[in-house]
Every structure is written in structure tokens, then in C-alpha cells.
file final_28.cif (mmCIF, N, CA and C atoms)
data_entry
loop_
_atom_site.label_atom_id
_atom_site.label_comp_id
_atom_site.auth_asym_id
_atom_site.auth_seq_id
_atom_site.Cartn_x
_atom_site.Cartn_y
_atom_site.Cartn_z
N ALA K 1 1.25 10.58 -5.89
CA ALA K 1 0.26 10.29 -4.86
C ALA K 1 -0.05 11.58 -4.12
N LYS K 2 -1.30 11.74 -3.74
CA LYS K 2 -1.74 12.93 -3.02
C LYS K 2 -2.75 12.55 -1.97
N GLY K 3 -2.61 13.11 -0.80
CA GLY K 3 -3.64 13.02 0.22
C GLY K 3 -3.38 11.98 1.28
N SER K 4 -3.59 12.37 2.53
CA SER K 4 -3.45 11.41 3.62
C SER K 4 -4.28 11.79 4.82
N GLY K 5 -5.25 12.66 4.64
CA GLY K 5 -6.02 13.18 5.76
C GLY K 5 -6.73 12.14 6.59
N MET K 6 -7.39 11.17 5.98
CA MET K 6 -8.15 10.19 6.76
C MET K 6 -7.81 8.76 6.34
N ILE K 7 -6.62 8.53 5.89
CA ILE K 7 -6.27 7.20 5.37
C ILE K 7 -6.31 6.14 6.47
N HIS K 8 -6.74 4.99 6.13
CA HIS K 8 -6.87 3.83 7.02
C HIS K 8 -6.93 2.63 6.08
N PRO K 9 -6.70 1.42 6.53
CA PRO K 9 -6.76 0.33 5.56
C PRO K 9 -7.95 0.44 4.62
N ASP K 10 -7.70 0.21 3.37
CA ASP K 10 -8.59 0.38 2.23
C ASP K 10 -8.58 1.83 1.76
N MET K 11 -7.54 2.52 2.09
CA MET K 11 -7.29 3.90 1.65
C MET K 11 -8.39 4.84 2.09
N ALA K 12 -8.22 6.11 1.84
CA ALA K 12 -9.24 7.11 2.14
C ALA K 12 -8.70 8.47 1.75
N THR K 13 -9.53 9.26 1.07
CA THR K 13 -9.16 10.59 0.62
C THR K 13 -7.76 10.56 -0.01
N LEU K 14 -7.57 9.70 -0.94
CA LEU K 14 -6.25 9.47 -1.52
C LEU K 14 -6.37 9.33 -3.03
N ILE K 15 -5.43 9.93 -3.74
CA ILE K 15 -5.35 9.77 -5.19
C ILE K 15 -3.92 9.36 -5.53
N VAL K 16 -3.78 8.22 -6.18
CA VAL K 16 -2.47 7.71 -6.58
C VAL K 16 -2.53 7.39 -8.06
N VAL K 17 -1.52 7.83 -8.81
CA VAL K 17 -1.45 7.54 -10.24
C VAL K 17 -0.09 6.92 -10.54
N PHE K 18 -0.09 5.73 -11.08
CA PHE K 18 1.12 5.07 -11.55
C PHE K 18 1.11 5.10 -13.07
N LEU K 19 2.26 5.37 -13.67
CA LEU K 19 2.41 5.39 -15.12
C LEU K 19 3.55 4.44 -15.50
N THR K 20 3.37 3.70 -16.58
CA THR K 20 4.43 2.81 -17.05
C THR K 20 4.44 2.77 -18.57
N ASP K 21 5.62 2.54 -19.11
CA ASP K 21 5.77 2.33 -20.55
C ASP K 21 5.67 0.84 -20.91
N ALA K 22 5.52 -0.01 -19.92
CA ALA K 22 5.48 -1.46 -20.16
C ALA K 22 4.30 -1.84 -21.04
N ALA K 23 4.53 -2.84 -21.87
CA ALA K 23 3.45 -3.44 -22.65
C ALA K 23 2.91 -4.59 -21.81
N ILE K 24 1.68 -4.44 -21.34
CA ILE K 24 1.09 -5.42 -20.44
C ILE K 24 -0.42 -5.43 -20.66
N SER K 25 -1.02 -6.60 -20.65
CA SER K 25 -2.47 -6.69 -20.88
C SER K 25 -3.23 -6.05 -19.71
N ASP K 26 -4.46 -5.65 -19.99
CA ASP K 26 -5.31 -5.06 -18.95
C ASP K 26 -5.45 -6.00 -17.76
N GLU K 27 -5.66 -7.28 -18.05
CA GLU K 27 -5.86 -8.27 -16.98
C GLU K 27 -4.63 -8.39 -16.08
N MET K 28 -3.46 -8.46 -16.68
CA MET K 28 -2.23 -8.59 -15.90
C MET K 28 -1.89 -7.29 -15.16
N LEU K 29 -2.20 -6.16 -15.79
CA LEU K 29 -1.98 -4.86 -15.14
C LEU K 29 -2.86 -4.75 -13.90
N GLN K 30 -4.13 -5.14 -14.03
CA GLN K 30 -5.06 -5.10 -12.89
C GLN K 30 -4.60 -6.04 -11.78
N LYS K 31 -4.14 -7.21 -12.17
CA LYS K 31 -3.68 -8.20 -11.18
C LYS K 31 -2.48 -7.67 -10.41
N ALA K 32 -1.51 -7.10 -11.11
CA ALA K 32 -0.31 -6.56 -10.46
C ALA K 32 -0.67 -5.37 -9.57
N LEU K 33 -1.53 -4.49 -10.08
CA LEU K 33 -1.91 -3.30 -9.31
C LEU K 33 -2.70 -3.68 -8.07
N SER K 34 -3.66 -4.56 -8.19
CA SER K 34 -4.47 -4.98 -7.04
C SER K 34 -3.59 -5.59 -5.95
N SER K 35 -2.67 -6.43 -6.35
CA SER K 35 -1.76 -7.05 -5.39
C SER K 35 -0.89 -6.00 -4.70
N ALA K 36 -0.35 -5.07 -5.48
CA ALA K 36 0.51 -4.02 -4.92
C ALA K 36 -0.25 -3.13 -3.95
N VAL K 37 -1.47 -2.76 -4.31
CA VAL K 37 -2.29 -1.89 -3.45
C VAL K 37 -2.65 -2.62 -2.16
N ASN K 38 -2.97 -3.90 -2.26
CA ASN K 38 -3.33 -4.67 -1.06
C ASN K 38 -2.16 -4.84 -0.11
N LYS K 39 -0.94 -4.78 -0.63
CA LYS K 39 0.24 -4.94 0.21
C LYS K 39 0.87 -3.60 0.60
N SER K 40 0.21 -2.51 0.25
CA SER K 40 0.79 -1.19 0.55
C SER K 40 -0.28 -0.25 1.10
N PHE K 41 -0.97 0.44 0.24
CA PHE K 41 -1.94 1.46 0.66
C PHE K 41 -3.05 0.89 1.54
N ASN K 42 -3.50 -0.32 1.26
CA ASN K 42 -4.57 -0.92 2.06
C ASN K 42 -4.09 -1.40 3.42
N ARG K 43 -2.83 -1.18 3.72
CA ARG K 43 -2.29 -1.59 5.03
C ARG K 43 -1.83 -0.39 5.84
N VAL K 44 -2.12 0.80 5.37
CA VAL K 44 -1.73 2.01 6.09
C VAL K 44 -2.87 2.48 6.96
N SER K 45 -2.54 2.86 8.19
CA SER K 45 -3.53 3.45 9.09
C SER K 45 -2.93 4.72 9.69
N ILE K 46 -3.61 5.83 9.53
CA ILE K 46 -3.15 7.07 10.14
C ILE K 46 -4.01 7.41 11.34
N ASP K 47 -5.28 7.58 11.14
CA ASP K 47 -6.14 7.92 12.28
C ASP K 47 -7.33 6.99 12.44
N GLY K 48 -7.38 5.92 11.67
CA GLY K 48 -8.44 4.94 11.83
C GLY K 48 -9.73 5.28 11.12
N ASP K 49 -9.81 6.43 10.46
CA ASP K 49 -11.02 6.82 9.73
C ASP K 49 -10.85 6.50 8.25
N MET K 50 -11.97 6.15 7.61
CA MET K 50 -11.95 5.86 6.18
C MET K 50 -12.97 6.73 5.46
N SER K 51 -12.76 6.93 4.19
CA SER K 51 -13.77 7.58 3.36
C SER K 51 -13.80 6.88 2.02
N GLU K 52 -14.81 7.18 1.24
CA GLU K 52 -14.93 6.55 -0.09
C GLU K 52 -14.21 7.35 -1.16
N CYS K 53 -13.54 8.41 -0.79
CA CYS K 53 -12.91 9.31 -1.77
C CYS K 53 -11.46 8.91 -2.01
N ASP K 54 -11.23 7.75 -2.56
CA ASP K 54 -9.88 7.29 -2.79
C ASP K 54 -9.77 6.60 -4.14
N MET K 55 -8.55 6.58 -4.66
CA MET K 55 -8.38 6.00 -5.98
C MET K 55 -6.91 5.68 -6.24
N VAL K 56 -6.67 4.55 -6.85
CA VAL K 56 -5.37 4.23 -7.42
C VAL K 56 -5.61 3.95 -8.89
N LEU K 57 -4.86 4.61 -9.72
CA LEU K 57 -5.01 4.50 -11.17
C LEU K 57 -3.67 4.11 -11.75
N MET K 58 -3.68 3.24 -12.74
CA MET K 58 -2.44 2.89 -13.42
C MET K 58 -2.67 2.91 -14.91
N LEU K 59 -1.78 3.57 -15.61
CA LEU K 59 -1.84 3.66 -17.07
C LEU K 59 -0.58 3.04 -17.65
N ALA K 60 -0.75 2.23 -18.67
CA ALA K 60 0.38 1.61 -19.37
C ALA K 60 0.25 1.92 -20.85
N ASN K 61 1.28 2.57 -21.42
CA ASN K 61 1.18 2.96 -22.83
C ASN K 61 1.85 1.96 -23.78
N GLY K 62 2.57 0.98 -23.25
CA GLY K 62 3.17 -0.06 -24.09
C GLY K 62 4.35 0.37 -24.92
N LYS K 63 4.91 1.55 -24.66
CA LYS K 63 5.99 2.07 -25.51
C LYS K 63 7.38 1.54 -25.15
N ALA K 64 7.48 0.67 -24.15
CA ALA K 64 8.79 0.14 -23.75
C ALA K 64 9.36 -0.80 -24.81
N GLY K 65 8.50 -1.35 -25.64
CA GLY K 65 8.97 -2.24 -26.69
C GLY K 65 9.12 -3.69 -26.26
N ASN K 66 8.76 -3.99 -25.03
CA ASN K 66 8.84 -5.38 -24.57
C ASN K 66 7.69 -6.20 -25.16
N PRO K 67 7.87 -7.52 -25.23
CA PRO K 67 6.72 -8.35 -25.63
C PRO K 67 5.60 -8.13 -24.62
N VAL K 68 4.37 -8.09 -25.09
CA VAL K 68 3.24 -7.83 -24.20
C VAL K 68 3.16 -8.92 -23.12
N ILE K 69 3.08 -8.48 -21.88
CA ILE K 69 2.93 -9.40 -20.76
C ILE K 69 1.46 -9.80 -20.68
N GLU K 70 1.19 -11.07 -20.99
CA GLU K 70 -0.20 -11.54 -21.03
C GLU K 70 -0.45 -12.72 -20.10
N GLN K 71 0.57 -13.11 -19.36
CA GLN K 71 0.41 -14.23 -18.43
C GLN K 71 1.39 -14.07 -17.28
N GLU K 72 1.22 -14.90 -16.26
CA GLU K 72 2.09 -14.83 -15.09
C GLU K 72 3.40 -15.55 -15.38
N ASN K 73 4.30 -14.86 -16.05
CA ASN K 73 5.61 -15.40 -16.36
C ASN K 73 6.67 -14.59 -15.59
N ASP K 74 7.95 -14.82 -15.89
CA ASP K 74 9.01 -14.10 -15.19
C ASP K 74 8.90 -12.59 -15.37
N ASP K 75 8.56 -12.15 -16.59
CA ASP K 75 8.41 -10.71 -16.83
C ASP K 75 7.30 -10.12 -15.96
N PHE K 76 6.19 -10.85 -15.84
CA PHE K 76 5.09 -10.37 -14.99
C PHE K 76 5.54 -10.29 -13.54
N ARG K 77 6.23 -11.32 -13.05
CA ARG K 77 6.66 -11.33 -11.65
C ARG K 77 7.62 -10.18 -11.36
N ILE K 78 8.51 -9.89 -12.28
CA ILE K 78 9.43 -8.76 -12.11
C ILE K 78 8.65 -7.45 -12.09
N PHE K 79 7.75 -7.28 -13.05
CA PHE K 79 6.93 -6.07 -13.12
C PHE K 79 6.12 -5.89 -11.84
N ALA K 80 5.45 -6.96 -11.41
CA ALA K 80 4.59 -6.89 -10.21
C ALA K 80 5.41 -6.58 -8.97
N LYS K 81 6.59 -7.17 -8.85
CA LYS K 81 7.44 -6.94 -7.67
C LYS K 81 7.92 -5.49 -7.63
N GLU K 82 8.33 -4.95 -8.77
CA GLU K 82 8.79 -3.56 -8.80
C GLU K 82 7.64 -2.59 -8.54
N LEU K 83 6.46 -2.90 -9.05
CA LEU K 83 5.29 -2.07 -8.77
C LEU K 83 4.97 -2.11 -7.28
N GLU K 84 5.04 -3.29 -6.69
CA GLU K 84 4.80 -3.43 -5.25
C GLU K 84 5.80 -2.59 -4.45
N LYS K 85 7.08 -2.63 -4.82
CA LYS K 85 8.09 -1.81 -4.13
C LYS K 85 7.75 -0.33 -4.21
N ALA K 86 7.36 0.13 -5.39
CA ALA K 86 7.00 1.54 -5.56
C ALA K 86 5.78 1.90 -4.73
N ALA K 87 4.78 1.02 -4.70
CA ALA K 87 3.56 1.27 -3.93
C ALA K 87 3.86 1.33 -2.44
N ILE K 88 4.68 0.42 -1.95
CA ILE K 88 5.04 0.43 -0.52
C ILE K 88 5.80 1.70 -0.18
N TYR K 89 6.72 2.10 -1.03
CA TYR K 89 7.48 3.33 -0.81
C TYR K 89 6.54 4.54 -0.73
N LEU K 90 5.63 4.66 -1.69
CA LEU K 90 4.68 5.78 -1.68
C LEU K 90 3.74 5.72 -0.48
N ALA K 91 3.28 4.53 -0.13
CA ALA K 91 2.38 4.39 1.02
C ALA K 91 3.06 4.86 2.30
N LYS K 92 4.33 4.54 2.45
CA LYS K 92 5.07 5.01 3.64
C LYS K 92 5.21 6.53 3.63
N LEU K 93 5.47 7.10 2.46
CA LEU K 93 5.56 8.57 2.37
C LEU K 93 4.23 9.22 2.73
N ILE K 94 3.14 8.64 2.25
CA ILE K 94 1.80 9.16 2.56
C ILE K 94 1.54 9.08 4.06
N ALA K 95 1.87 7.94 4.66
CA ALA K 95 1.65 7.77 6.11
C ALA K 95 2.48 8.76 6.90
N LYS K 96 3.72 8.94 6.49
CA LYS K 96 4.62 9.87 7.18
C LYS K 96 4.07 11.30 7.13
N ASP K 97 3.37 11.62 6.07
CA ASP K 97 2.83 12.96 5.87
C ASP K 97 1.40 13.09 6.41
N GLY K 98 0.91 12.08 7.10
CA GLY K 98 -0.47 12.07 7.58
C GLY K 98 -0.80 13.23 8.50
N GLU K 99 -2.06 13.60 8.48
CA GLU K 99 -2.55 14.69 9.31
C GLU K 99 -2.24 14.43 10.78
N GLY K 100 -1.42 15.30 11.38
CA GLY K 100 -1.06 15.17 12.78
C GLY K 100 -0.01 14.11 13.07
N ALA K 101 0.52 13.47 12.04
CA ALA K 101 1.50 12.40 12.26
C ALA K 101 2.82 12.97 12.77
N THR K 102 3.32 12.38 13.85
CA THR K 102 4.62 12.77 14.39
C THR K 102 5.60 11.61 14.35
N LYS K 103 5.09 10.42 14.07
CA LYS K 103 5.93 9.24 14.02
C LYS K 103 5.46 8.34 12.87
N LEU K 104 6.38 7.55 12.36
CA LEU K 104 6.04 6.52 11.37
C LEU K 104 6.43 5.18 11.98
N VAL K 105 5.46 4.33 12.19
CA VAL K 105 5.71 3.03 12.81
C VAL K 105 5.36 1.95 11.80
N GLU K 106 6.26 1.01 11.64
CA GLU K 106 6.02 -0.13 10.76
C GLU K 106 5.88 -1.37 11.62
N ILE K 107 4.77 -2.06 11.49
CA ILE K 107 4.51 -3.26 12.28
C ILE K 107 4.77 -4.47 11.39
N ARG K 108 5.66 -5.33 11.84
CA ARG K 108 5.98 -6.55 11.10
C ARG K 108 5.61 -7.75 11.95
N VAL K 109 4.78 -8.60 11.43
CA VAL K 109 4.39 -9.82 12.12
C VAL K 109 5.20 -10.96 11.49
N ILE K 110 5.96 -11.64 12.32
CA ILE K 110 6.85 -12.70 11.84
C ILE K 110 6.32 -14.06 12.30
N ASN K 111 6.42 -15.03 11.44
CA ASN K 111 6.03 -16.42 11.71
C ASN K 111 4.52 -16.63 11.84
N ALA K 112 3.73 -15.75 11.27
CA ALA K 112 2.28 -15.99 11.21
C ALA K 112 2.05 -17.12 10.21
N PRO K 113 0.98 -17.89 10.39
CA PRO K 113 0.75 -19.01 9.47
C PRO K 113 0.47 -18.59 8.04
N ASP K 114 -0.06 -17.36 7.85
CA ASP K 114 -0.32 -16.87 6.50
C ASP K 114 -0.41 -15.35 6.53
N ASP K 115 -0.45 -14.76 5.35
CA ASP K 115 -0.46 -13.31 5.21
C ASP K 115 -1.71 -12.68 5.82
N ASN K 116 -2.85 -13.33 5.67
CA ASN K 116 -4.10 -12.79 6.21
C ASN K 116 -4.05 -12.71 7.74
N THR K 117 -3.54 -13.75 8.38
CA THR K 117 -3.42 -13.74 9.84
C THR K 117 -2.48 -12.63 10.29
N ALA K 118 -1.36 -12.48 9.60
CA ALA K 118 -0.42 -11.41 9.93
C ALA K 118 -1.08 -10.05 9.79
N HIS K 119 -1.89 -9.90 8.75
CA HIS K 119 -2.59 -8.63 8.52
C HIS K 119 -3.59 -8.34 9.64
N VAL K 120 -4.33 -9.34 10.07
CA VAL K 120 -5.30 -9.17 11.17
C VAL K 120 -4.57 -8.77 12.46
N ILE K 121 -3.46 -9.42 12.74
CA ILE K 121 -2.69 -9.11 13.95
C ILE K 121 -2.14 -7.69 13.89
N SER K 122 -1.54 -7.32 12.76
CA SER K 122 -0.96 -5.97 12.65
C SER K 122 -2.04 -4.90 12.72
N ASN K 123 -3.22 -5.17 12.16
CA ASN K 123 -4.33 -4.21 12.26
C ASN K 123 -4.75 -4.01 13.71
N ALA K 124 -4.84 -5.10 14.47
CA ALA K 124 -5.23 -5.00 15.88
C ALA K 124 -4.22 -4.15 16.65
N ILE K 125 -2.95 -4.33 16.36
CA ILE K 125 -1.91 -3.54 17.02
C ILE K 125 -1.99 -2.08 16.60
N SER K 126 -2.13 -1.83 15.30
CA SER K 126 -2.12 -0.45 14.81
C SER K 126 -3.34 0.35 15.25
N LYS K 127 -4.45 -0.33 15.53
CA LYS K 127 -5.66 0.37 15.96
C LYS K 127 -5.73 0.57 17.48
N SER K 128 -4.86 -0.10 18.21
CA SER K 128 -4.90 -0.05 19.66
C SER K 128 -4.56 1.35 20.19
N LEU K 129 -5.48 1.93 20.93
CA LEU K 129 -5.23 3.24 21.53
C LEU K 129 -4.09 3.16 22.54
N LEU K 130 -3.96 2.05 23.25
CA LEU K 130 -2.87 1.89 24.20
C LEU K 130 -1.52 1.91 23.48
N VAL K 131 -1.43 1.21 22.37
CA VAL K 131 -0.19 1.20 21.59
C VAL K 131 0.10 2.59 21.03
N LYS K 132 -0.92 3.24 20.47
CA LYS K 132 -0.73 4.58 19.91
C LYS K 132 -0.27 5.56 20.98
N THR K 133 -0.86 5.49 22.17
CA THR K 133 -0.49 6.39 23.26
C THR K 133 0.94 6.13 23.70
N ALA K 134 1.32 4.87 23.83
CA ALA K 134 2.68 4.52 24.24
C ALA K 134 3.70 5.02 23.22
N ILE K 135 3.39 4.87 21.95
CA ILE K 135 4.32 5.32 20.91
C ILE K 135 4.41 6.84 20.90
N PHE K 136 3.27 7.51 20.95
CA PHE K 136 3.27 8.97 20.92
C PHE K 136 4.02 9.53 22.13
N GLY K 137 3.77 8.95 23.30
CA GLY K 137 4.41 9.43 24.53
C GLY K 137 5.81 8.89 24.73
N GLN K 138 6.25 8.05 23.83
CA GLN K 138 7.57 7.43 23.90
C GLN K 138 7.79 6.75 25.25
N ASP K 139 6.74 6.05 25.70
CA ASP K 139 6.77 5.37 26.98
C ASP K 139 6.05 4.04 26.83
N ALA K 140 6.81 2.97 26.84
CA ALA K 140 6.23 1.63 26.64
C ALA K 140 5.49 1.11 27.86
N ASN K 141 5.41 1.91 28.90
CA ASN K 141 4.73 1.52 30.14
C ASN K 141 3.38 1.09 29.80
#
call {"tool": "encode", "arguments": {"input": "final_28.cif", "output": "C-alpha cells"}}
result
Amino acid sequence: AKGSGMIHPDMATLIVVFLTDAAISDEMLQKALSSAVNKSFNRVSIDGDMSECDMVLMLANGKAGNPVIEQENDDFRIFAKELEKAAIYLAKLIAKDGEGATKLVEIRVINAPDDNTAHVISNAISKSLLVKTAIFGQDAN
């Protein structure tokens, strides 16, 4: 992964390349990648600015020798979960390296009725200038 200058939800000025030896159909690869990106890179905010210069690419050469993953079975769920873990790890590294970043803050919303509501709440918190100022100044006042 490279770049974090203007990253904000839906990525920005970012290039990420994932490579795997797994044998997996294009459809299942896209499904796993889209889910992983939506739960990682699309949830990072550094300075609130976005650009159209971003990309996540995944290549699978099928050389692992596993039966081709063509449906949402246990193999797919394991693959998708591990991809999600890798994407979250890289997204945090990108955020930590953000332009002018001095802190890395992770916002967790607990007991929201659904993932979308939690995402809306965490976005409101992460975009708040009052919250950003309090965190930067290390003063919750």
C-alpha cells in the first residue's frame, strides 16, 4: 500500500495491491475484496479530504492448489476474513503515516442497531473539529 496524503472514507490518493496464490473465482474475489475495503480503507479519515486518485487491486494466480472457491462456503469465509484482517492492518498503517498525523485514533461504536448506523456515528465523531482539537491538544475539555 502507498499513499495517505488526502485519505478520507472512500479512500483518496491511495494505491493498494493485494496478491494471493488462492484459487478463487473473479466473482468471489471481488466480493471478498469489496467487503474488506468497505470495512477498512473506506473507514479511514486523515484530514477529511478525498480525491479520485485511489485504487485497490487484487490478483489471484490460483497456484495454491486449493479447489477453486466459487461460492460462499467455509473456504470463502476464511479467505474473506483473512483478507479483511490484512486490509484493516494496512489501513491503520496508512492512517498512522498520514500527512501531519501525530495520533492514531480508533473509534468503536458498540451496541448500534446495525453496521451502517455505527459507521454514520463514527464518521460524525471522526469529522468533528471539536473532537480532533481535543485529541490533538490532549485535553478532553
call {"tool": "resolve_selection", "arguments": {"input": "final_28.cif", "expression": "the PyMOL selection byres ((chain K and resi 17) around 6)", "output": "PyMOL selection string"}}
result
chain K and resi 1+15-16+18-19+56-58
call {"tool": "atom_distance", "arguments": {"input": "final_28.cif", "atom1": "atom C of Ile78 of chain K", "atom2": "atom CA of Leu90 of chain K"}}
result
17.3 Å
call {"tool": "select_by_dssp", "arguments": {"input": "final_28.cif", "residues": "chain K", "states": "alpha helix (DSSP H)", "output": "ChimeraX atom specification"}}
result
/K:26-38,74-96,115-127,129-136
call {"tool": "atom_distance", "arguments": {"input": "final_28.cif", "atom1": "atom C of Phe76 of chain K", "atom2": "atom N of Glu27 of chain K"}}
result
12.4 Å
call {"tool": "select_by_dssp", "arguments": {"input": "final_28.cif", "residues": "segment 43-124 of chain K", "states": "strand (DSSP E)", "output": "PyMOL selection string"}}
result
chain K and resi 54-60
call {"tool": "resolve_selection", "arguments": {"input": "final_28.cif", "expression": "the PyMOL selection byres (((chain K and resi 22 and name CA) around 10) and name CA)", "output": "PyMOL selection string"}}
result
chain K and resi 19-21+23-25+29+59-69+79
call {"tool": "atom_distance", "arguments": {"input": "final_28.cif", "atom1": "atom C of Asn123 of chain K", "atom2": "atom C of Asn42 of chain K"}}
result
10.6 Å
call {"tool": "resolve_selection", "arguments": {"input": "final_28.cif", "expression": "the PyMOL selection byres ((chain K and resi 36) around 8)", "output": "VMD selection string"}}
result
chain K and resid 30 to 35 37 to 42 80 to 81 83 to 88
call {"tool": "residues_near_point", "arguments": {"input": "final_28.cif", "point": "(0.8, 0.9, 28.1)", "cutoff": "6.5 Å", "atoms": "only N, CA and C atoms", "output": "list in words"}}
result
Leu130, Val131, Ala134, Asp139, Ala140 and Asn141 of chain K
call {"tool": "closest_residue", "arguments": {"input": "final_28.cif", "among": "K:Val109, K:Val44, K:Met28, K:Leu129", "to": "Ala91 of chain K", "atoms": "all atoms listed in the file"}}
result
K:Val44
call {"tool": "axis_aligned_box", "arguments": {"input": "final_28.cif", "around": "segment 73-84 of chain K", "padding_each_side": "6 Å", "output": "lines of an AutoDock Vina configuration file"}}
result
center_x = 6.9
center_y = -8.7
center_z = -10.6
size_x = 17.1
size_y = 25.3
size_z = 24.4
